[in-house]
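S.K.: To be precise about what I am sending: the file is called work_20.txt and holds compact mmCIF, C-alpha atoms.
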```txt
# COMPACT_ATOMS: atom_id res chain seq x y z
CA MET E 298 5.02 78.44 16.21
CA GLU E 299 7.73 75.96 17.11
CA ASN E 300 5.18 73.85 18.97
CA LEU E 301 2.96 73.79 15.90
CA ALA E 302 5.87 72.69 13.71
CA ALA E 303 6.81 69.96 16.17
CA THR E 304 3.20 68.75 16.29
CA LEU E 305 2.99 68.66 12.50
CA GLU E 306 6.27 66.74 12.33
CA GLN E 307 4.98 64.20 14.84
CA GLU E 308 1.76 63.78 12.87
CA ARG E 309 3.79 63.35 9.67
CA LEU E 310 5.99 60.68 11.25
CA SER E 311 2.94 58.94 12.72
CA THR E 312 1.24 58.97 9.33
CA GLU E 313 4.34 57.53 7.66
CA ARG E 314 4.48 54.76 10.26
CA GLU E 315 0.80 53.97 9.70
CA LEU E 316 1.34 53.93 5.96
CA LEU E 317 4.34 51.65 6.40
CA ARG E 318 2.30 49.28 8.59
CA ALA E 319 -0.54 49.36 6.08
CA ARG E 320 1.86 48.64 3.21
CA ARG E 321 3.41 45.75 5.10
CA SER E 322 -0.04 44.45 5.99
CA GLY E 323 -1.01 44.70 2.35
CA GLU E 324 2.12 42.86 1.30
CA ASP E 325 1.38 40.15 3.87
CA LEU E 326 -2.15 39.82 2.54
CA GLU E 327 -0.86 39.59 -1.01
CA ALA E 328 1.66 36.92 0.02
CA ARG E 329 -1.05 34.94 1.80
CA ALA E 330 -3.31 35.29 -1.22
CA ARG E 331 -0.53 33.92 -3.44
CA ASP E 332 0.05 31.05 -1.01
CA HIS E 333 -3.65 30.25 -0.96
CA GLN E 334 -3.81 30.42 -4.76
CA GLU E 335 -0.86 28.03 -5.03
CA LEU E 336 -2.52 25.70 -2.55
CA ILE E 337 -5.80 25.78 -4.46
CA GLN E 338 -3.96 24.91 -7.66
CA LEU E 339 -1.93 22.19 -5.95
CA LEU E 340 -4.68 20.32 -4.13
CA PRO E 341 -6.96 18.93 -6.91
CA ASP E 342 -4.26 17.02 -8.78
CA LEU E 343 -2.58 15.46 -5.73
CA VAL E 344 -5.85 14.67 -3.97
CA GLY E 345 -7.05 13.05 -7.19
CA GLN E 346 -3.90 10.93 -7.23
CA MET E 347 -4.49 9.87 -3.63
CA PHE E 348 -8.02 8.71 -4.38
CA ALA E 349 -6.91 6.93 -7.59
CA SER E 350 -4.33 4.80 -5.75
CA ASN E 351 -4.64 1.01 -5.85
CA GLY E 352 -4.24 0.71 -2.10
CA ALA E 353 -3.10 2.42 1.08
CA ARG E 354 0.55 1.95 0.10
CA GLY E 355 -0.11 4.12 -2.94
CA VAL E 356 -1.73 6.88 -0.86
CA TYR E 357 1.24 7.50 1.43
CA PRO E 358 3.78 8.77 -1.14
CA VAL E 359 1.21 11.17 -2.63
CA ALA E 360 0.25 12.49 0.81
CA LEU E 361 3.93 12.99 1.56
CA LYS E 362 4.37 14.90 -1.70
CA LEU E 363 1.45 17.14 -0.74
CA VAL E 364 3.05 17.86 2.64
CA THR E 365 6.44 18.71 1.13
CA GLN E 366 4.90 21.07 -1.42
CA ILE E 367 2.81 22.85 1.21
CA PHE E 368 5.50 23.29 3.87
CA ASN E 369 8.83 22.82 2.05
CA PRO E 370 10.18 21.10 5.20
CA THR E 371 13.63 19.71 5.77
CA GLN E 372 12.03 16.44 6.91
CA ALA E 373 8.62 14.81 6.59
CA ALA E 374 7.38 11.32 7.36
CA ILE E 375 4.26 9.18 7.37
CA PHE E 376 4.01 6.36 9.88
CA VAL E 377 1.40 3.63 9.56
CA ALA E 378 -0.19 2.14 12.67
CA ARG E 379 0.49 -1.48 13.45
CA PRO E 380 -0.52 -3.35 16.62
CA GLY E 381 1.35 -1.56 19.39
CA ARG E 382 3.73 0.34 17.13
CA LEU E 383 4.22 2.81 14.29
CA ALA E 384 6.09 1.73 11.15
CA LEU E 385 7.62 4.21 8.71
CA ALA E 386 5.70 4.12 5.41
CA ALA E 387 7.19 7.08 3.51
CA GLY E 388 9.74 9.79 4.22
CA HIS E 389 11.38 12.94 2.85
CA GLY E 390 14.80 14.30 3.81
CA LEU E 391 15.43 11.49 6.28
CA PRO E 392 18.96 10.63 7.37
CA GLU E 393 20.79 7.69 5.87
CA GLY E 394 19.68 4.41 7.41
CA LEU E 395 16.16 5.64 8.15
CA GLY E 396 13.58 4.60 5.60
CA PRO E 397 10.44 2.48 5.02
CA GLY E 398 10.95 -1.04 6.28
CA VAL E 399 14.14 -0.09 8.17
CA GLY E 400 14.22 -0.73 11.90
CA PRO E 401 11.62 -2.21 14.25
CA GLY E 402 9.37 0.85 14.24
CA LEU E 403 8.18 2.95 17.18
CA ASP E 404 6.82 1.21 20.27
CA LEU E 405 3.55 2.94 21.17
CA ASN E 406 3.13 1.17 24.48
CA ARG E 407 5.98 3.20 26.02
CA ARG E 408 4.47 6.54 24.87
CA GLU E 409 7.89 8.13 24.55
CA GLY E 410 8.51 10.99 22.16
CA ARG E 411 6.39 13.35 20.13
CA LEU E 412 5.00 10.78 17.69
CA ALA E 413 3.78 8.51 20.46
CA GLN E 414 2.12 11.46 22.21
CA VAL E 415 0.18 12.37 19.05
CA ALA E 416 -0.79 8.74 18.51
CA ALA E 417 -2.02 8.49 22.10
CA GLY E 418 -3.82 11.85 22.24
CA ARG E 419 -5.23 11.69 18.68
CA VAL E 420 -4.73 15.44 18.27
CA THR E 421 -2.46 17.56 16.08
CA MET E 422 0.38 19.08 18.11
CA THR E 423 2.88 21.82 17.27
CA ASP E 424 6.24 22.63 18.80
CA ALA E 425 4.50 24.94 21.30
CA ASP E 426 2.11 22.15 22.33
CA PHE E 427 4.97 19.72 22.85
CA ARG E 428 6.94 22.23 24.90
CA GLU E 429 3.90 22.94 27.07
CA LEU E 430 3.55 19.22 27.62
CA ARG E 431 7.23 19.11 28.50
CA GLY E 432 6.64 21.74 31.15
CA GLU E 433 3.87 19.64 32.70
CA PHE E 434 6.15 16.62 32.81
CA ALA E 435 8.92 18.67 34.39
CA LYS E 436 6.64 19.48 37.34
CA GLY E 437 6.37 15.92 38.50
CA GLY E 438 6.23 13.52 35.61
CA PRO E 439 8.93 11.68 33.71
CA LYS E 440 12.17 13.58 33.19
CA GLY E 441 13.44 14.40 29.74
CA GLY E 442 12.15 16.75 27.13
CA PHE E 443 9.96 16.78 24.08
CA GLY E 444 12.18 18.92 21.91
CA PRO E 445 12.03 18.71 18.10
CA GLU E 446 14.65 15.96 18.04
CA ASP E 447 12.82 13.91 20.66
CA SER E 448 10.46 12.36 18.13
CA GLY E 449 10.84 8.81 19.35
CA VAL E 450 12.72 7.85 16.17
CA ARG E 451 16.45 8.56 16.07
CA GLY E 452 17.37 11.14 13.45
CA LEU E 453 13.81 12.35 12.85
CA ARG E 454 12.87 15.97 13.61
CA VAL E 455 9.22 16.65 14.47
CA ASP E 456 7.98 20.24 14.75
CA VAL E 457 4.33 19.37 14.15
CA ALA E 458 2.53 16.04 13.89
CA ALA E 459 -1.04 15.01 13.14
CA PRO E 460 -2.88 11.72 13.67
CA ILE E 461 -4.41 9.95 10.67
CA GLU E 462 -7.72 8.58 11.92
CA GLY E 463 -10.10 6.31 10.05
CA GLU E 464 -13.70 5.46 10.76
CA GLN E 465 -14.71 4.99 14.40
CA ALA E 466 -11.54 6.86 15.46
CA VAL E 467 -9.27 3.98 14.43
CA LEU E 468 -5.66 5.16 14.30
CA LEU E 469 -4.29 4.61 10.79
CA GLY E 470 -1.01 6.43 11.30
CA VAL E 471 0.79 9.67 12.11
CA LEU E 472 1.99 12.42 9.77
CA SER E 473 4.94 14.61 10.83
CA VAL E 474 7.05 17.50 9.50
CA GLY E 475 10.21 19.18 10.72
CA GLY E 476 12.05 22.30 9.65
CA VAL E 477 9.03 23.99 8.07
CA LYS E 478 9.99 26.79 5.66
CA SER E 479 6.65 27.74 4.07
CA ARG E 480 3.27 28.82 5.45
CA LEU E 481 4.61 29.38 8.94
CA GLY E 482 1.85 29.85 11.48
CA GLU E 483 -0.54 27.65 9.54
CA GLU E 484 1.17 24.33 10.20
CA LYS E 485 -1.43 22.98 12.61
CA ARG E 486 -4.44 23.74 10.42
CA LEU E 487 -2.89 22.61 7.14
CA LEU E 488 -1.27 19.43 8.46
CA THR E 489 -4.57 18.47 10.08
CA MET E 490 -6.24 18.98 6.70
CA VAL E 491 -3.70 16.72 4.93
CA ALA E 492 -4.06 14.05 7.63
CA ARG E 493 -7.84 14.06 7.23
CA LEU E 494 -7.59 13.89 3.43
CA THR E 495 -5.16 10.98 3.78
CA ALA E 496 -7.54 9.13 6.10
CA VAL E 497 -10.48 9.62 3.74
CA ALA E 498 -8.39 8.47 0.76
CA ILE E 499 -7.21 5.33 2.59
CA THR E 500 -10.78 4.48 3.60
CA HIS E 501 -11.93 5.06 0.02
CA VAL E 502 -9.32 2.84 -1.64
CA LYS E 503 -9.90 0.07 0.90
CA ARG E 504 -13.63 0.12 0.18
CA LEU E 505 -12.94 0.19 -3.54
CA ARG E 506 -10.63 -2.80 -3.28
CA THR E 507 -13.29 -4.71 -1.34
CA VAL E 508 -15.84 -3.98 -4.06
CA GLU E 509 -13.36 -4.91 -6.79
CA GLU E 510 -12.63 -8.20 -5.08
CA LEU E 511 -16.33 -8.99 -4.91
CA VAL E 512 -16.57 -8.34 -8.66
CA ASN E 513 -13.33 -10.13 -9.54
CA VAL E 514 -13.60 -13.21 -7.32
CA ASP E 515 -15.08 -16.50 -8.51
CA GLY E 516 -18.18 -17.16 -6.42
CA LEU E 517 -17.59 -20.90 -5.99
CA THR E 518 -13.87 -21.21 -5.35
CA GLY E 519 -13.03 -17.87 -3.72
CA VAL E 520 -10.06 -17.23 -6.04
CA TYR E 521 -9.98 -14.59 -8.79
CA ASN E 522 -12.08 -15.11 -11.90
CA LYS E 523 -10.85 -15.39 -15.48
CA ARG E 524 -11.71 -11.79 -16.36
CA TYR E 525 -9.51 -10.45 -13.57
CA PHE E 526 -6.72 -12.87 -14.52
CA GLN E 527 -6.73 -11.64 -18.12
CA LYS E 528 -6.36 -8.06 -16.93
CA ARG E 529 -3.54 -8.92 -14.56
CA ILE E 530 -1.59 -11.04 -17.02
CA ALA E 531 -1.56 -8.11 -19.46
CA ASP E 532 -0.17 -5.84 -16.73
CA GLU E 533 2.41 -8.38 -15.59
CA VAL E 534 3.63 -9.11 -19.13
CA GLN E 535 4.28 -5.38 -19.54
CA ARG E 536 6.41 -5.46 -16.40
CA ALA E 537 8.18 -8.56 -17.71
CA ASP E 538 9.00 -6.65 -20.90
CA ALA E 539 10.81 -4.16 -18.68
CA GLY E 540 13.02 -6.95 -17.33
CA ALA E 541 11.02 -8.46 -14.46
CA PRO E 542 10.60 -12.26 -14.76
CA LEU E 543 7.12 -13.75 -14.95
CA SER E 544 5.96 -17.35 -14.81
CA LEU E 545 2.57 -19.02 -15.10
CA LEU E 546 1.16 -22.33 -13.90
CA LEU E 547 -1.88 -23.77 -15.66
CA LEU E 548 -3.35 -26.78 -13.87
CA ASP E 549 -6.45 -28.90 -13.70
CA ILE E 550 -7.86 -31.63 -11.49
CA ASP E 551 -7.03 -35.12 -12.67
CA TYR E 552 -10.04 -37.28 -13.67
CA PHE E 553 -12.46 -34.59 -12.47
CA LYS E 554 -15.25 -35.85 -14.77
CA HIS E 555 -14.90 -39.27 -13.19
CA TYR E 556 -15.23 -37.69 -9.73
CA ASN E 557 -18.37 -35.81 -10.77
CA ASP E 558 -19.96 -38.85 -12.43
CA THR E 559 -19.19 -41.05 -9.43
CA ASN E 560 -20.06 -38.71 -6.56
CA GLY E 561 -22.37 -36.07 -8.01
CA HIS E 562 -21.90 -32.42 -8.97
CA LEU E 563 -22.41 -31.09 -5.44
CA GLU E 564 -19.47 -33.16 -4.24
CA GLY E 565 -17.56 -31.95 -7.30
CA ASP E 566 -18.28 -28.33 -6.35
CA ASP E 567 -16.89 -29.01 -2.88
CA VAL E 568 -13.69 -30.31 -4.47
CA LEU E 569 -13.37 -27.18 -6.63
CA ARG E 570 -13.94 -25.01 -3.59
CA LYS E 571 -11.33 -26.85 -1.51
CA VAL E 572 -8.74 -26.91 -4.30
CA GLY E 573 -9.20 -23.15 -4.66
CA GLN E 574 -8.62 -22.71 -0.93
CA LEU E 575 -5.50 -24.90 -1.02
CA LEU E 576 -4.04 -23.00 -3.96
CA LYS E 577 -4.78 -19.63 -2.37
CA GLY E 578 -3.54 -20.66 1.07
CA SER E 579 -0.35 -22.31 -0.16
CA GLY E 580 0.76 -19.46 -2.42
CA ARG E 581 2.81 -16.36 -1.66
CA GLU E 582 1.24 -12.98 -0.98
CA ASP E 583 1.99 -11.61 -4.47
CA ASP E 584 0.93 -14.74 -6.39
CA ILE E 585 -2.29 -14.41 -8.38
CA VAL E 586 -4.55 -17.46 -8.24
CA ALA E 587 -7.57 -17.61 -10.55
CA ARG E 588 -10.11 -20.09 -11.83
CA TYR E 589 -9.54 -20.39 -15.56
CA GLY E 590 -12.63 -22.46 -16.37
CA GLY E 591 -14.30 -25.68 -15.23
CA GLU E 592 -11.72 -27.60 -13.23
CA GLU E 593 -8.80 -25.53 -14.56
CA PHE E 594 -6.91 -23.04 -12.39
CA VAL E 595 -4.07 -20.66 -13.18
CA VAL E 596 -1.38 -19.13 -10.97
CA LEU E 597 0.70 -16.11 -11.96
CA TYR E 598 4.11 -15.82 -10.33
CA PRO E 599 5.29 -12.18 -10.72
CA GLY E 600 9.03 -11.67 -10.42
CA THR E 601 9.67 -15.42 -10.61
CA GLY E 602 11.79 -17.40 -13.08
CA LYS E 603 10.97 -20.86 -14.37
CA GLU E 604 13.04 -22.86 -11.89
CA ASP E 605 11.45 -21.21 -8.86
CA ALA E 606 8.00 -21.37 -10.45
CA VAL E 607 8.31 -25.12 -10.99
CA ARG E 608 9.34 -25.53 -7.35
CA LEU E 609 6.36 -23.49 -6.17
CA ALA E 610 4.04 -25.44 -8.48
CA GLU E 611 5.34 -28.72 -7.04
CA GLU E 612 4.54 -27.47 -3.54
CA LEU E 613 0.97 -26.77 -4.64
CA ARG E 614 0.69 -30.20 -6.27
CA GLU E 615 1.94 -31.87 -3.10
CA ALA E 616 -0.49 -29.88 -0.93
CA VAL E 617 -3.44 -31.08 -3.02
CA ALA E 618 -2.19 -34.68 -3.16
CA ALA E 619 -1.74 -34.76 0.62
CA TYR E 620 -5.26 -33.50 1.36
CA ALA E 621 -7.81 -36.21 2.28
CA PHE E 622 -10.63 -35.41 -0.15
CA PRO E 623 -13.86 -37.34 0.40
CA HIS E 624 -14.07 -40.28 -2.05
CA GLY E 625 -10.54 -39.58 -3.24
CA ALA E 626 -9.68 -43.29 -2.98
CA LEU E 627 -12.29 -43.99 -5.66
CA GLN E 628 -10.35 -41.99 -8.25
CA PRO E 629 -8.50 -44.00 -10.95
CA SER E 630 -5.14 -43.06 -9.41
CA GLY E 631 -6.34 -43.81 -5.85
CA ALA E 632 -6.33 -40.13 -4.79
CA LEU E 633 -7.52 -36.75 -6.01
CA THR E 634 -4.58 -34.99 -7.64
CA ILE E 635 -3.70 -32.18 -10.03
CA SER E 636 -1.42 -31.82 -13.04
CA GLY E 637 0.14 -28.62 -14.32
CA GLY E 638 2.34 -26.92 -16.87
CA VAL E 639 4.69 -24.01 -16.21
CA SER E 640 5.77 -21.41 -18.77
CA THR E 641 7.86 -18.25 -18.47
CA VAL E 642 8.38 -14.90 -20.17
CA PRO E 643 10.58 -14.52 -22.20
CA ASP E 644 11.84 -18.13 -22.41
CA ASP E 645 8.59 -19.61 -23.70
CA ALA E 646 6.46 -16.63 -24.69
CA GLN E 647 6.40 -12.93 -25.56
CA SER E 648 2.73 -12.23 -24.77
CA GLY E 649 0.05 -13.28 -22.33
CA LEU E 650 -1.68 -15.45 -24.92
CA GLU E 651 1.56 -17.24 -25.80
CA LEU E 652 2.30 -17.72 -22.11
CA VAL E 653 -1.02 -19.49 -21.57
CA ARG E 654 -0.66 -21.58 -24.74
CA SER E 655 2.82 -22.68 -23.77
CA ALA E 656 1.67 -23.67 -20.27
CA ASP E 657 -1.31 -25.48 -21.78
CA GLN E 658 0.99 -27.57 -23.96
CA ALA E 659 3.11 -28.42 -20.91
CA LEU E 660 -0.07 -29.39 -19.06
CA TYR E 661 -0.97 -31.72 -21.95
CA ASP E 662 2.45 -33.35 -21.60
CA ALA E 663 1.91 -33.78 -17.85
CA LYS E 664 -1.37 -35.57 -18.53
CA ALA E 665 0.23 -37.78 -21.19
CA ALA E 666 3.05 -38.70 -18.81
CA GLY E 667 0.64 -40.13 -16.24
CA ARG E 668 -0.87 -37.14 -14.39
CA ASN E 669 -0.16 -35.91 -10.84
CA ARG E 670 2.93 -34.06 -12.01
CA ILE E 671 4.26 -30.64 -13.05
CA VAL E 672 5.97 -30.21 -16.41
CA ALA E 673 8.00 -27.18 -17.48
CA ALA E 674 7.39 -25.80 -20.95
CA ARG E 675 10.02 -26.24 -23.63
CA PRO E 676 10.95 -23.12 -25.60
CA ASN E 677 10.34 -24.88 -28.93
CA TYR E 678 6.61 -25.22 -28.18
CA LEU E 679 5.98 -21.97 -30.06
CA THR E 680 8.19 -22.66 -33.07
```
Just give me the structure as structure tokens.

M.R.:
Amino acid sequence: MENLAATLEQERLSTERELLRARRSGEDLEARARDHQELIQLLPDLVGQMFASNGARGVYPVALKLVTQIFNPTQAAIFVARPGRLALAAGHGLPEGLGPGVGPGLDLNRREGRLAQVAAGRVTMTDADFRELRGEFAKGGPKGGFGPEDSGVRGLRVDVAAPIEGEQAVLLGVLSVGGVKSRLGEEKRLLTMVARLTAVAITHVKRLRTVEELVNVDGLTGVYNKRYFQKRIADEVQRADAGAPLSLLLLDIDYFKHYNDTNGHLEGDDVLRKVGQLLKGSGREDDIVARYGGEEFVVLYPGTGKEDAVRLAEELREAVAAYAFPHGALQPSGALTISGGVSTVPDDAQSGLELVRSADQALYDAKAAGRNRIVAARPNYLT
């Protein structure tokens, strides 16, 4: 009888343990289901933002946001590949002094640290993978470990890292996280997914920009067309309203009709093409050069006040005047030159239309004063 009671008690305890395991398993499944539901709700909006970015620089912060919401890490970073190195593009939870554009970047040629190993191997690696690699090195390779802190970048913790690969296995960058708090055990799969989404988004926005440039570029001169300029000036005036300076240069080629009548329209087209190249090549990266119509060109100088804009415009004028255009000596002034007018928001205008009109009036004054010169607009032009 006692044996029967003991057996029943053992069966009861075993059943309770099984029920407890089943309950815990059910709770785990419910937690995973909630995590998956959250992920499903999270992905469409952020992925949409990635693909709607204007360029690769706009993709990185959104990809980083996706990583932080998935893993809730203490640190996360996206590095972009440059020749022979990785440069930090975006970061979360990074120590003071470590941020985009800070420091020389990570030298890939030395292959030191976790980030360099992922960049070289082109495979997602977790802490366990790095420690296994450390064990192989300890047997006969270089000394030193690949612990979480040995990322290759001082102050950065890397528990898992994934390569961002573009078409034809071109390395675009590396994505890393450290101190993961959410979705433990799924880091490798999910970070690989984010890295692949990031690569596809970067490829997409680059292709889109190429197509947009084909649509927005003047076929003869290679600079932007008037339609694109009108869109950009509206955007830049809005930024200027928020306090950022904005200047505009409107210019045209002196005695261009004389050049066409003397040398023919094909030669005139070559001049337009070369002037466009000079303006584009002599400007800064953020300057917007467009053909405004005929022999007129326009240059937008975002973030630039009138004094600096006049200086930049003079540099363009000098570059054109110094170029040895064919038949330039036959021009009335003895060389092919340009004249221009510079206007600024808010000194001379409050809108894009007023900005162009003010620069046009200054251009008229430059012509009246003898050509081959830059004239700054006067604020009373619009009164």

S.K.: To one decimal in Å, tell me the separation between atom CA of Leu660 of chain E and atom CA of Leu548 of chain E.

M.R.: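 Taking atom CA of Leu660 of chain E and atom CA of Leu548 of chain E, their separation equals 6.7 Å.
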
S.K.: May I ask which of the residues E:Gly381, E:Pro392, E:Pro341, E:Gly591 is the closest one to Leu569 of chain E, counting all atoms listed in the file?

M.R.: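 Closest residue, counting all atoms listed in the file: E:Gly591.
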
S.K.: Mind giving me the straight-line distance from atom CA of Val508 of chain E to atom CA of Val491 of chain E in Å, one decimal?

M.R.: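 Interatomic distance, atom CA of Val508 of chain E to atom CA of Val491 of chain E: 25.6 Å.
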
S.K.: Between E:Gly637, E:Gly463, E:Gly516, E:Gly355, single out the one closest to Leu547 of chain E, counting only C-alpha atoms.

M.R.: E:Gly637

S.K.: State, in Å with one decimal place, the distance from atom CA of Val467 of chain E to atom CA of Ile499 of chain E.

M.R.: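 Atom CA of Ile499 of chain E lies at a distance of 12.1 Å from atom CA of Val467 of chain E.
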
S.K.: Which polymer residues have any atom within 8 Å of an atom of Gly352 of chain E, counting only C-alpha atoms, with same-chain residues fewer than 5 positions away left out, as a count of residues only?

M.R.: 4

S.K.: If we count all atoms listed in the file and set the cut-off at 12 Å, which residues sit around Val642 of chain E, ignoring sequence neighbours fewer than 6 positions away in its own chain? Please answer as a ChimeraX atom specification.

M.R.: /E:530,533-545,597-603,606,648-653,655-656,674-676

S.K.: Please tell me which residues are no farther than 9 Å from (4.4, 1.3, 14.2) in the file, counting only C-alpha atoms, and write them as an mmCIF file with C-alpha atoms, in the coordinates of the input.

M.R.:
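See point_4.cif below for the written result:
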```
data_model
loop_
_atom_site.group_PDB
_atom_site.id
_atom_site.type_symbol
_atom_site.label_atom_id
_atom_site.label_comp_id
_atom_site.auth_asym_id
_atom_site.auth_seq_id
_atom_site.Cartn_x
_atom_site.Cartn_y
_atom_site.Cartn_z
ATOM 1 C CA PHE E 376 4.010 6.360 9.880
ATOM 2 C CA VAL E 377 1.400 3.630 9.560
ATOM 3 C CA ALA E 378 -0.190 2.140 12.670
ATOM 4 C CA ARG E 379 0.490 -1.480 13.450
ATOM 5 C CA PRO E 380 -0.520 -3.350 16.620
ATOM 6 C CA GLY E 381 1.350 -1.560 19.390
ATOM 7 C CA ARG E 382 3.730 0.340 17.130
ATOM 8 C CA LEU E 383 4.220 2.810 14.290
ATOM 9 C CA ALA E 384 6.090 1.730 11.150
ATOM 10 C CA LEU E 385 7.620 4.210 8.710
ATOM 11 C CA PRO E 401 11.620 -2.210 14.250
ATOM 12 C CA GLY E 402 9.370 0.850 14.240
ATOM 13 C CA LEU E 403 8.180 2.950 17.180
ATOM 14 C CA ASP E 404 6.820 1.210 20.270
ATOM 15 C CA LEU E 405 3.550 2.940 21.170
ATOM 16 C CA GLY E 470 -1.010 6.430 11.300
#
```

S.K.: Near Thr559 of chain E, counting all atoms listed in the file, which residues have an atom at most 10 Å away, once you skip same-chain residues fewer than 4 positions from it, shown as a PyMOL selection string?

M.R.: chain E and resi 553-555+564-565+624+627-628

S.K.: Show which residues sit within 10 Å of Ala616 of chain E, as a ChimeraX atom specification. Count only C-alpha atoms, and ignore same-chain residues fewer than 5 positions away.

M.R.: /E:572,575-576,578-579,610-611,634-635

S.K.: As a PDB file with C-alpha atoms, in the coordinates of the input, please: the residues near Leu546 of chain E (cut-off 6 Å, all atoms listed in the file, same-chain neighbours under 4 positions excluded).

M.R.:
```pdb
ATOM      1  CA  VAL E 595      -4.070 -20.660 -13.180  1.00  0.00           C
ATOM      2  CA  VAL E 596      -1.380 -19.130 -10.970  1.00  0.00           C
ATOM      3  CA  GLY E 638       2.340 -26.920 -16.870  1.00  0.00           C
ATOM      4  CA  VAL E 639       4.690 -24.010 -16.210  1.00  0.00           C
TER       5      VAL E 639
END
```

S.K.: List as a ChimeraX atom specification: which residues have an atom within 10 Å of (13.5, 8.2, 9.6), counting only C-alpha atoms?

M.R.: /E:372-376,384-397,399-400,402,448,450-454
